[in-house]
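To be precise, the following lines are entry.txt, and they hold compact mmCIF, C-alpha atoms.
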# COMPACT_ATOMS: atom_id res chain seq x y z
CA VAL P 124 -31.12 -0.44 7.60
CA MET P 125 -32.63 2.14 5.21
CA ASN P 126 -32.30 -0.25 2.25
CA ILE P 127 -29.75 1.93 0.45
CA PRO P 128 -27.51 -0.25 -1.77
CA VAL P 129 -23.79 -0.18 -0.94
CA ALA P 130 -20.97 -0.66 -3.46
CA HIS P 131 -17.68 -1.77 -1.88
CA LEU P 132 -14.23 -1.26 -3.40
CA SER P 133 -11.21 -3.43 -2.54
CA GLY P 134 -13.00 -6.23 -0.71
CA GLY P 135 -11.51 -9.69 -0.35
CA GLU P 136 -8.04 -8.42 0.57
CA LEU P 137 -6.07 -9.71 3.54
CA THR P 138 -3.94 -7.72 5.98
CA TYR P 139 -3.44 -10.07 8.89
CA GLY P 140 -1.41 -7.58 10.90
CA ALA P 141 -4.10 -4.89 11.06
CA ILE P 142 -7.62 -4.63 12.44
CA ASP P 143 -8.57 -3.31 8.98
CA ASP P 144 -8.74 -6.95 7.91
CA SER P 145 -11.79 -7.66 10.08
CA ILE P 146 -13.44 -4.33 9.26
CA ARG P 147 -13.01 -4.92 5.52
CA HIS P 148 -14.71 -8.33 5.70
CA ALA P 149 -17.54 -6.86 7.77
CA VAL P 150 -18.11 -4.13 5.16
CA THR P 151 -18.17 -6.82 2.45
CA LYS P 152 -21.05 -8.58 4.19
CA MET P 153 -22.96 -5.29 4.46
CA SER P 154 -22.47 -4.42 0.78
CA HIS P 155 -24.37 -5.38 -2.36
CA LEU P 156 -21.99 -4.73 -5.28
CA HIS P 157 -18.29 -5.51 -5.05
CA PHE P 158 -15.36 -4.16 -7.07
CA THR P 159 -12.19 -6.10 -6.27
CA ALA P 160 -8.60 -5.38 -7.25
CA THR P 161 -7.62 -8.90 -8.38
CA GLU P 162 -9.30 -12.16 -9.40
CA GLU P 163 -7.99 -13.82 -6.24
CA TYR P 164 -9.82 -11.22 -4.16
CA ARG P 165 -12.97 -11.64 -6.27
CA GLN P 166 -13.00 -15.37 -5.55
CA ARG P 167 -12.58 -14.72 -1.82
CA VAL P 168 -15.57 -12.37 -1.75
CA ILE P 169 -17.64 -15.05 -3.49
CA ARG P 170 -16.53 -17.62 -0.92
CA MET P 171 -17.83 -15.20 1.74
CA GLY P 172 -21.32 -15.77 0.32
CA GLU P 173 -21.61 -12.94 -2.20
CA PRO P 174 -23.30 -13.82 -5.53
CA PRO P 175 -20.71 -14.02 -8.37
CA GLU P 176 -22.82 -11.84 -10.68
CA ARG P 177 -22.40 -8.98 -8.19
CA VAL P 178 -18.63 -9.30 -7.75
CA PHE P 179 -16.38 -7.68 -10.36
CA ASN P 180 -12.60 -7.84 -10.77
CA VAL P 181 -11.80 -4.34 -12.01
CA GLY P 182 -8.31 -3.63 -10.63
CA GLU P 183 -7.21 -1.06 -8.05
CA ALA P 184 -9.07 2.21 -8.63
CA GLY P 185 -6.40 4.35 -6.97
CA LEU P 186 -3.88 3.44 -9.66
CA ASP P 187 -5.88 5.43 -12.22
CA ASN P 188 -4.43 8.54 -10.59
CA ILE P 189 -0.92 7.62 -11.75
CA ARG P 190 -2.03 8.12 -15.35
CA SER P 191 -4.56 10.90 -14.89
CA LEU P 192 -2.54 13.26 -12.70
CA LYS P 193 0.21 15.44 -14.15
CA LEU P 194 2.97 14.48 -11.74
CA LEU P 195 5.59 16.98 -10.64
CA SER P 196 9.05 17.10 -12.16
CA LYS P 197 11.99 16.44 -9.87
CA ASP P 198 12.78 20.18 -9.68
CA GLU P 199 9.16 21.05 -8.91
CA LEU P 200 8.96 18.38 -6.24
CA GLN P 201 12.24 19.34 -4.58
CA LYS P 202 11.12 22.97 -4.44
CA SER P 203 7.73 21.99 -3.01
CA LEU P 204 9.26 19.72 -0.37
CA GLY P 205 12.40 21.67 0.44
CA PHE P 206 14.20 18.37 -0.08
CA THR P 207 17.17 17.50 -2.28
CA PHE P 208 17.39 14.02 -3.75
CA GLY P 209 20.72 12.23 -3.56
CA LYS P 210 22.16 9.05 -5.08
CA LYS P 211 20.10 6.86 -2.76
CA ASN P 212 16.57 7.92 -1.79
CA VAL P 213 13.77 6.16 0.07
CA LEU P 214 10.29 7.04 1.27
CA VAL P 215 9.56 5.65 4.75
CA THR P 216 6.07 5.14 6.13
CA TYR P 217 5.47 2.98 9.19
CA HIS P 218 2.06 2.51 10.80
CA PRO P 219 1.16 0.78 14.08
CA VAL P 220 0.66 -2.96 13.75
CA THR P 221 -2.71 -3.07 15.48
CA HIS P 222 -2.63 -6.80 16.22
CA GLU P 223 0.76 -6.52 17.94
CA LYS P 224 2.03 -4.63 20.98
CA GLU P 225 5.62 -4.02 19.91
CA SER P 226 5.17 -1.44 17.13
CA THR P 227 7.53 1.12 18.67
CA ASN P 228 10.26 -1.47 19.28
CA GLN P 229 9.89 -2.68 15.70
CA PHE P 230 10.05 0.86 14.37
CA GLN P 231 13.20 1.53 16.42
CA ASN P 232 14.79 -1.45 14.67
CA LEU P 233 14.00 0.22 11.35
CA LEU P 234 15.51 3.52 12.48
CA ASP P 235 18.65 1.72 13.67
CA ALA P 236 18.93 -0.02 10.31
CA LEU P 237 18.56 3.25 8.38
CA ASP P 238 21.63 4.59 10.20
CA GLU P 239 23.67 1.75 8.72
CA ILE P 240 22.87 2.55 5.06
CA GLU P 241 25.52 4.89 3.70
CA GLY P 242 24.50 7.91 1.64
CA LEU P 243 20.76 7.52 2.16
CA GLN P 244 18.31 10.42 1.77
CA ILE P 245 15.06 9.77 3.64
CA ILE P 246 11.56 11.18 3.23
CA PHE P 247 9.39 10.28 6.24
CA THR P 248 5.60 10.45 6.12
CA LYS P 249 4.00 10.11 9.52
CA ALA P 250 1.91 7.26 10.89
CA ASN P 251 -1.88 7.09 10.75
CA ALA P 252 -4.29 7.66 13.64
CA ASP P 253 -4.30 4.04 14.87
CA ALA P 254 -3.37 3.43 18.50
CA GLY P 255 0.41 3.83 18.80
CA GLY P 256 0.74 6.22 15.86
CA ARG P 257 1.50 9.22 18.05
CA ALA P 258 4.46 7.44 19.65
CA ILE P 259 5.86 6.51 16.24
CA ASN P 260 5.52 10.11 15.06
CA GLN P 261 7.43 11.35 18.09
CA MET P 262 10.20 8.88 17.30
CA ILE P 263 10.35 10.17 13.72
CA ASP P 264 10.65 13.78 14.90
CA GLN P 265 13.40 12.93 17.40
CA TYR P 266 15.31 10.91 14.80
CA ALA P 267 15.12 13.53 12.06
CA LYS P 268 16.04 16.41 14.36
CA LYS P 269 19.52 14.91 14.85
CA ARG P 270 20.22 14.09 11.19
CA GLN P 271 20.73 16.12 8.02
CA ASN P 272 19.53 13.45 5.59
CA CYS P 273 15.85 13.42 6.63
CA SER P 274 12.72 15.37 5.83
CA VAL P 275 9.46 14.73 7.69
CA TYR P 276 5.90 15.36 6.52
CA THR P 277 2.61 14.66 8.25
CA SER P 278 1.24 13.90 4.78
CA LEU P 279 2.56 14.60 1.29
CA GLY P 280 -0.89 14.62 -0.27
CA GLN P 281 -1.74 12.58 -3.33
CA LEU P 282 0.10 14.62 -5.97
CA ARG P 283 3.38 15.00 -4.09
CA TYR P 284 3.31 11.40 -2.85
CA LEU P 285 2.86 9.89 -6.29
CA SER P 286 5.39 12.34 -7.72
CA ALA P 287 7.92 11.27 -5.09
CA LEU P 288 7.53 7.63 -6.13
CA GLN P 289 9.07 8.60 -9.48
CA TYR P 290 12.36 9.56 -7.86
CA VAL P 291 12.89 7.26 -4.85
CA ASP P 292 14.50 3.83 -4.98
CA ALA P 293 11.99 2.19 -2.66
CA VAL P 294 9.07 2.54 -0.30
CA VAL P 295 10.19 1.29 3.11
CA GLY P 296 7.95 0.39 6.05
CA ASN P 297 4.56 -1.31 6.23
CA SER P 298 2.20 0.90 4.24
CA SER P 299 -0.11 -0.55 1.61
CA SER P 300 1.36 1.93 -0.88
CA GLY P 301 4.49 -0.22 -1.02
CA ILE P 302 2.33 -3.13 -2.11
CA VAL P 303 -0.21 -1.40 -4.35
CA GLU P 304 1.32 1.76 -5.87
CA ALA P 305 5.11 1.29 -5.77
CA PRO P 306 5.26 -1.60 -8.30
CA SER P 307 3.61 0.62 -10.94
CA PHE P 308 6.64 2.91 -10.72
CA HIS P 309 9.04 -0.05 -11.10
CA ILE P 310 10.73 0.67 -7.78
CA GLY P 311 11.43 -1.65 -4.88
CA THR P 312 9.54 -2.10 -1.64
CA ILE P 313 11.00 -3.17 1.68
CA ASN P 314 7.91 -4.44 3.48
CA ILE P 315 8.62 -4.82 7.19
CA GLY P 316 6.76 -7.04 9.61
CA ASN P 317 3.25 -8.51 9.47
CA ARG P 318 0.96 -5.55 8.82
CA GLN P 319 0.50 -6.36 5.12
CA GLU P 320 0.70 -10.13 5.50
CA GLY P 321 -1.76 -11.88 3.19
CA ARG P 322 -1.82 -9.29 0.38
CA THR P 323 -1.07 -10.27 -3.20
CA GLN P 324 2.37 -8.87 -4.01
CA ALA P 325 4.56 -8.04 -7.00
CA GLU P 326 8.07 -9.47 -7.29
CA SER P 327 9.47 -6.03 -6.42
CA VAL P 328 8.40 -6.45 -2.78
CA ILE P 329 11.08 -7.61 -0.32
CA ASN P 330 9.46 -8.99 2.83
CA VAL P 331 11.49 -8.93 6.04
CA PRO P 332 10.83 -9.31 9.77
CA ALA P 333 11.03 -6.14 11.85
CA GLU P 334 14.63 -6.85 12.89
CA LYS P 335 17.61 -4.56 12.33
CA GLU P 336 19.91 -7.04 10.59
CA ALA P 337 17.13 -8.38 8.36
CA ILE P 338 16.28 -4.83 7.25
CA ILE P 339 19.95 -4.11 6.48
CA GLU P 340 20.08 -7.26 4.34
CA ALA P 341 16.95 -6.11 2.54
CA PHE P 342 18.70 -2.85 1.62
CA LYS P 343 21.64 -4.83 0.24
CA LYS P 344 19.23 -6.81 -1.93
CA LEU P 345 17.43 -3.62 -3.00
CA TYR P 346 20.62 -2.04 -4.31
CA SER P 347 22.05 -5.24 -5.81
CA GLU P 348 22.57 -5.23 -9.57
CA GLU P 349 20.44 -8.35 -10.01
CA PHE P 350 17.41 -6.84 -8.22
CA GLN P 351 17.72 -3.47 -9.96
CA ASN P 352 17.85 -5.16 -13.36
CA ARG P 353 14.54 -6.95 -12.63
CA LEU P 354 12.60 -3.82 -11.66
CA PRO P 355 11.85 -2.49 -15.18
CA HIS P 356 10.08 -5.74 -15.99
CA ILE P 357 7.91 -5.95 -12.87
CA LYS P 358 4.16 -6.36 -13.38
CA ASN P 359 1.81 -4.89 -10.79
CA PRO P 360 -0.94 -7.46 -10.07
CA TYR P 361 -3.31 -4.66 -9.02
CA GLU P 362 -3.04 -2.68 -12.21
CA GLN P 363 -5.76 -2.58 -14.86
CA ARG P 364 -6.64 0.32 -17.12
CA ASN P 365 -9.60 2.69 -16.73
CA VAL P 366 -10.76 1.14 -13.46
CA SER P 367 -12.99 4.06 -12.50
CA VAL P 368 -14.67 4.02 -15.92
CA LYS P 369 -15.34 0.28 -15.60
CA ILE P 370 -16.90 0.80 -12.16
CA LYS P 371 -19.05 3.65 -13.46
CA ASN P 372 -20.30 1.58 -16.40
CA ILE P 373 -21.15 -1.41 -14.18
CA LEU P 374 -23.06 0.85 -11.78
CA LYS P 375 -25.01 2.40 -14.65
CA LYS P 376 -26.05 -1.04 -15.95
CA SER P 377 -26.84 -2.57 -12.56
CA ASP P 378 -30.44 -3.32 -11.70
CA LEU P 379 -30.76 -2.28 -8.06
CA THR P 380 -34.31 -3.59 -7.70
CA GLY P 381 -34.43 -5.79 -4.62
CA ILE P 382 -30.63 -5.85 -4.38
CA THR P 383 -30.65 -5.00 -0.66
CA LYS P 384 -32.37 -8.31 0.13
CA LYS P 385 -29.21 -10.39 0.35
CA ILE P 386 -29.19 -14.12 -0.32
CA PHE P 387 -26.14 -16.03 0.89
CA TYR P 388 -24.37 -17.69 -2.04
CA ASP P 389 -23.06 -21.12 -1.04
CA ALA P 390 -19.90 -21.37 -3.12
CA GLU P 391 -18.37 -24.80 -3.60
CA CYS P 392 -15.24 -25.07 -1.49
CA PRO P 393 -12.25 -27.21 -2.55
Could the structure of this file be written out as structure tokens, please?
Amino acid sequence: VMNIPVAHLSGGELTYGAIDDSIRHAVTKMSHLHFTATEEYRQRVIRMGEPPERVFNVGEAGLDNIRSLKLLSKDELQKSLGFTFGKKNVLVTYHPVTHEKESTNQFQNLLDALDEIEGLQIIFTKANADAGGRAINQMIDQYAKKRQNCSVYTSLGQLRYLSALQYVDAVVGNSSSGIVEAPSFHIGTINIGNRQEGRTQAESVINVPAEKEAIIEAFKKLYSEEFQNRLPHIKNPYEQRNVSVKIKNILKKSDLTGITKKIFYDAECP
């Protein structure tokens, strides 16, 4: 309302299982310059009425950190976490599914499945602040207290989280990191339930319903020779180089005169 131009990153994405989906589209309509992570997302923003000359496919900005940060070695990370990696290691993050009421039941199915995977070392990061997150975090604490193969962290922070992705076999749960960051490390993702439904995904993502037996089958696929042989060749659809530099250069060149007076662009629909 003060006519300050807004630049929006990561518009046009879909996450049908989370309220974020609606909020993201609302922010798109209140923004004036758009930096999307893929061409598919760019086209969706245009179909929402945003002028094509103000919508730029630049890639996912957060992935720049993988190259710019000096990630920790395995020894440094183990010392920092107080965690010892084994032969099989996974990072588990599960957030409430805000469009569903059964998040705790679904998470219990995941916990039950983890008990069936022999020799697994588990790093838990806790749920976000969405409604239901506190209950999930209590379940994590109760689960880990009774088992020797688990370590629990409220948050690893950016450096430790990205460093951990170097040494785990998969990201397990329903976090966007399994969709966006994990493929850049050529590791698997077991994506559970509907929270990330609609997102563009790499071939390293195994989608399963939030059911115990389905999750167990996903672990079998993860550790199969065929799947492991494919991982080194995976391409992350979100990854482009120097995303932050591209965004900076576009902002520097952009003429902001009158940009806050938005005109709806009527894109041709198929």
Report as a tab-separated table the residues of segment 258-312 of chain P within 9 Å of segment 215-232 of chain P, each with its shortest atom pair and distance in Å (one decimal), using all atoms listed in the file, ordered by chain and increasing residue number.
residue	atom	partner	partner_atom	distance
P:Ala258	CA	P:Thr227	CA	7.1
P:Ile259	CA	P:Thr227	CA	6.1
P:Met262	CA	P:Gln231	CA	8.0
P:Ala293	CA	P:Val215	CA	8.5
P:Val294	CA	P:Val215	CA	6.0
P:Val295	CA	P:Val215	CA	4.7
P:Gly296	CA	P:Tyr217	CA	4.8
P:Asn297	CA	P:Tyr217	CA	5.3
P:Ser298	CA	P:Thr216	CA	6.0
Closest pair table for segment 217-309 of chain P residues within 7 Å of segment 359-362 of chain P, only C-alpha atoms, as a Markdown table:
| residue | atom | partner | partner_atom | distance |
| --- | --- | --- | --- | --- |
| P:Val303 | CA | P:Tyr361 | CA | 6.5 |
| P:Pro306 | CA | P:Asn359 | CA | 5.4 |
| P:Ser307 | CA | P:Asn359 | CA | 5.8 |
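One finds atom CA of Lys152 of chain P at 28.4 Å from atom CA of Gly316 of chain P.
Computed from the coordinates, the atom CA of Tyr276 of chain P to atom CA of Ser203 of chain P distance equals 11.8 Å.
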Test item: residues at most 8 Å from Arg167 of chain P, only C-alpha atoms, excluding those fewer than 4 positions along its chain, as an MDAnalysis selection string: chainID P and resid 135 163 171
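Between Phe158 of chain P and the candidates P:Leu233, P:Leu374, P:Ile263, P:Ile240, the tightest atom-to-atom separation, counting all atoms listed in the file, involves P:Leu374.
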Would you list the contacts of Gly311 of chain P as a PyMOL selection string, taking every protein, DNA or RNA residue within 12 Å and counting only C-alpha atoms, but skipping same-chain residues closer than 2 positions in sequence? chain P and resi 212-214+288-296+300-309+313-314+324-330+341-347+350-357+359
What does the file look like for those residues with C-alpha atoms, as a tab-separated table (two decimals), in the coordinates of the input?
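Result file follows (again11.tsv):
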chain	number	residue	atom	x	y	z
P	212	ASN	CA	16.57	7.92	-1.79
P	213	VAL	CA	13.77	6.16	0.07
P	214	LEU	CA	10.29	7.04	1.27
P	288	LEU	CA	7.53	7.63	-6.13
P	289	GLN	CA	9.07	8.60	-9.48
P	290	TYR	CA	12.36	9.56	-7.86
P	291	VAL	CA	12.89	7.26	-4.85
P	292	ASP	CA	14.50	3.83	-4.98
P	293	ALA	CA	11.99	2.19	-2.66
P	294	VAL	CA	9.07	2.54	-0.30
P	295	VAL	CA	10.19	1.29	3.11
P	296	GLY	CA	7.95	0.39	6.05
P	300	SER	CA	1.36	1.93	-0.88
P	301	GLY	CA	4.49	-0.22	-1.02
P	302	ILE	CA	2.33	-3.13	-2.11
P	303	VAL	CA	-0.21	-1.40	-4.35
P	304	GLU	CA	1.32	1.76	-5.87
P	305	ALA	CA	5.11	1.29	-5.77
P	306	PRO	CA	5.26	-1.60	-8.30
P	307	SER	CA	3.61	0.62	-10.94
P	308	PHE	CA	6.64	2.91	-10.72
P	309	HIS	CA	9.04	-0.05	-11.10
P	313	ILE	CA	11.00	-3.17	1.68
P	314	ASN	CA	7.91	-4.44	3.48
P	324	GLN	CA	2.37	-8.87	-4.01
P	325	ALA	CA	4.56	-8.04	-7.00
P	326	GLU	CA	8.07	-9.47	-7.29
P	327	SER	CA	9.47	-6.03	-6.42
P	328	VAL	CA	8.40	-6.45	-2.78
P	329	ILE	CA	11.08	-7.61	-0.32
P	330	ASN	CA	9.46	-8.99	2.83
P	341	ALA	CA	16.95	-6.11	2.54
P	342	PHE	CA	18.70	-2.85	1.62
P	343	LYS	CA	21.64	-4.83	0.24
P	344	LYS	CA	19.23	-6.81	-1.93
P	345	LEU	CA	17.43	-3.62	-3.00
P	346	TYR	CA	20.62	-2.04	-4.31
P	347	SER	CA	22.05	-5.24	-5.81
P	350	PHE	CA	17.41	-6.84	-8.22
P	351	GLN	CA	17.72	-3.47	-9.96
P	352	ASN	CA	17.85	-5.16	-13.36
P	353	ARG	CA	14.54	-6.95	-12.63
P	354	LEU	CA	12.60	-3.82	-11.66
P	355	PRO	CA	11.85	-2.49	-15.18
P	356	HIS	CA	10.08	-5.74	-15.99
P	357	ILE	CA	7.91	-5.95	-12.87
P	359	ASN	CA	1.81	-4.89	-10.79
Listed atoms of segment 210-220 of chain P boxed along x, y and z, 8 Å each side, centre and edge lengths in Å, one decimal, as AutoDock Vina command-line options:
--center_x 11.4 --center_y 3.0 --center_z 4.5 --size_x 37.5 --size_y 28.0 --size_z 35.2
Applying 12 Å and all atoms listed in the file, which residues near Ala267 of chain P remain after dropping the ones on its own chain fewer than 4 positions away? List them as a ChimeraX atom specification. /P:234,237-238,244-249,260-263,271-276
Selected residues written out with C-alpha atoms, as a short mmCIF file (atom, residue, chain, number, x, y, z; two decimals), keeping the file's coordinate frame:
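Wrote it out as again-v3.cif, contents follow:
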data_model
loop_
_atom_site.label_atom_id
_atom_site.label_comp_id
_atom_site.auth_asym_id
_atom_site.auth_seq_id
_atom_site.Cartn_x
_atom_site.Cartn_y
_atom_site.Cartn_z
CA LEU P 234 15.51 3.52 12.48
CA LEU P 237 18.56 3.25 8.38
CA ASP P 238 21.63 4.59 10.20
CA GLN P 244 18.31 10.42 1.77
CA ILE P 245 15.06 9.77 3.64
CA ILE P 246 11.56 11.18 3.23
CA PHE P 247 9.39 10.28 6.24
CA THR P 248 5.60 10.45 6.12
CA LYS P 249 4.00 10.11 9.52
CA ASN P 260 5.52 10.11 15.06
CA GLN P 261 7.43 11.35 18.09
CA MET P 262 10.20 8.88 17.30
CA ILE P 263 10.35 10.17 13.72
CA GLN P 271 20.73 16.12 8.02
CA ASN P 272 19.53 13.45 5.59
CA CYS P 273 15.85 13.42 6.63
CA SER P 274 12.72 15.37 5.83
CA VAL P 275 9.46 14.73 7.69
CA TYR P 276 5.90 15.36 6.52
#
List every protein, DNA or RNA residue with an atom no more than 12 Å from (-23.9, -23.9, 1.0) in the file's coordinates, counting all atoms listed in the file, and format the result as a PyMOL selection string. chain P and resi 169-173+386-392
Next, write the just-selected residues to a file, as a PDB file, in the frame of the given file, keeping C-alpha atoms as the atom set.
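To be explicit, this is the file written out as out.pdb:
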ATOM      1  CA  ILE P 169     -17.640 -15.050  -3.490  1.00  0.00           C
ATOM      2  CA  ARG P 170     -16.530 -17.620  -0.920  1.00  0.00           C
ATOM      3  CA  MET P 171     -17.830 -15.200   1.740  1.00  0.00           C
ATOM      4  CA  GLY P 172     -21.320 -15.770   0.320  1.00  0.00           C
ATOM      5  CA  GLU P 173     -21.610 -12.940  -2.200  1.00  0.00           C
ATOM      6  CA  ILE P 386     -29.190 -14.120  -0.320  1.00  0.00           C
ATOM      7  CA  PHE P 387     -26.140 -16.030   0.890  1.00  0.00           C
ATOM      8  CA  TYR P 388     -24.370 -17.690  -2.040  1.00  0.00           C
ATOM      9  CA  ASP P 389     -23.060 -21.120  -1.040  1.00  0.00           C
ATOM     10  CA  ALA P 390     -19.900 -21.370  -3.120  1.00  0.00           C
ATOM     11  CA  GLU P 391     -18.370 -24.800  -3.600  1.00  0.00           C
ATOM     12  CA  CYS P 392     -15.240 -25.070  -1.490  1.00  0.00           C
TER      13      CYS P 392
END
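Among the candidates P:Arg147, P:Arg190, P:Lys211, P:His157, the one nearest to Leu132 of chain P when counting only C-alpha atoms is P:His157.
Atom CA of Pro128 of chain P is positioned 12.3 Å from atom CA of Val150 of chain P.
Proximity ranking of P:Gly381, P:Gly256, P:Gly185, P:Gly242 relative to His155 of chain P places P:Gly381 first, based on all atoms listed in the file.
Of the residues listed (P:Ala236, P:Arg177, P:Tyr266, P:Ser377), P:Ala236 shows the shortest atom-to-atom separation from Ala333 of chain P; distances use all atoms listed in the file.
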Pick out the closest residue to Asp198 of chain P from this set: P:Ala287, P:Leu156, P:Met125, P:Ala252. Count all atoms listed in the file. P:Ala287
Residues near Lys193 of chain P, cut-off 12 Å, all atoms listed in the file, skip fewer than 3 positions along chain, as a ChimeraX atom specification: /P:187-190,196,199,281-283,285-286
Residue with the minimum atom-to-atom distance to Val129 of chain P, picked from P:Ile338, P:Val178, P:Met153, P:Val366 with only C-alpha atoms counted, is P:Met153
Long-range neighbours of Ile370 of chain P as an MDAnalysis selection string, 9 Å cut-off, only C-alpha atoms, 2 positions minimum in chain: chainID P and resid 158 179 181 184 365:368 372:375
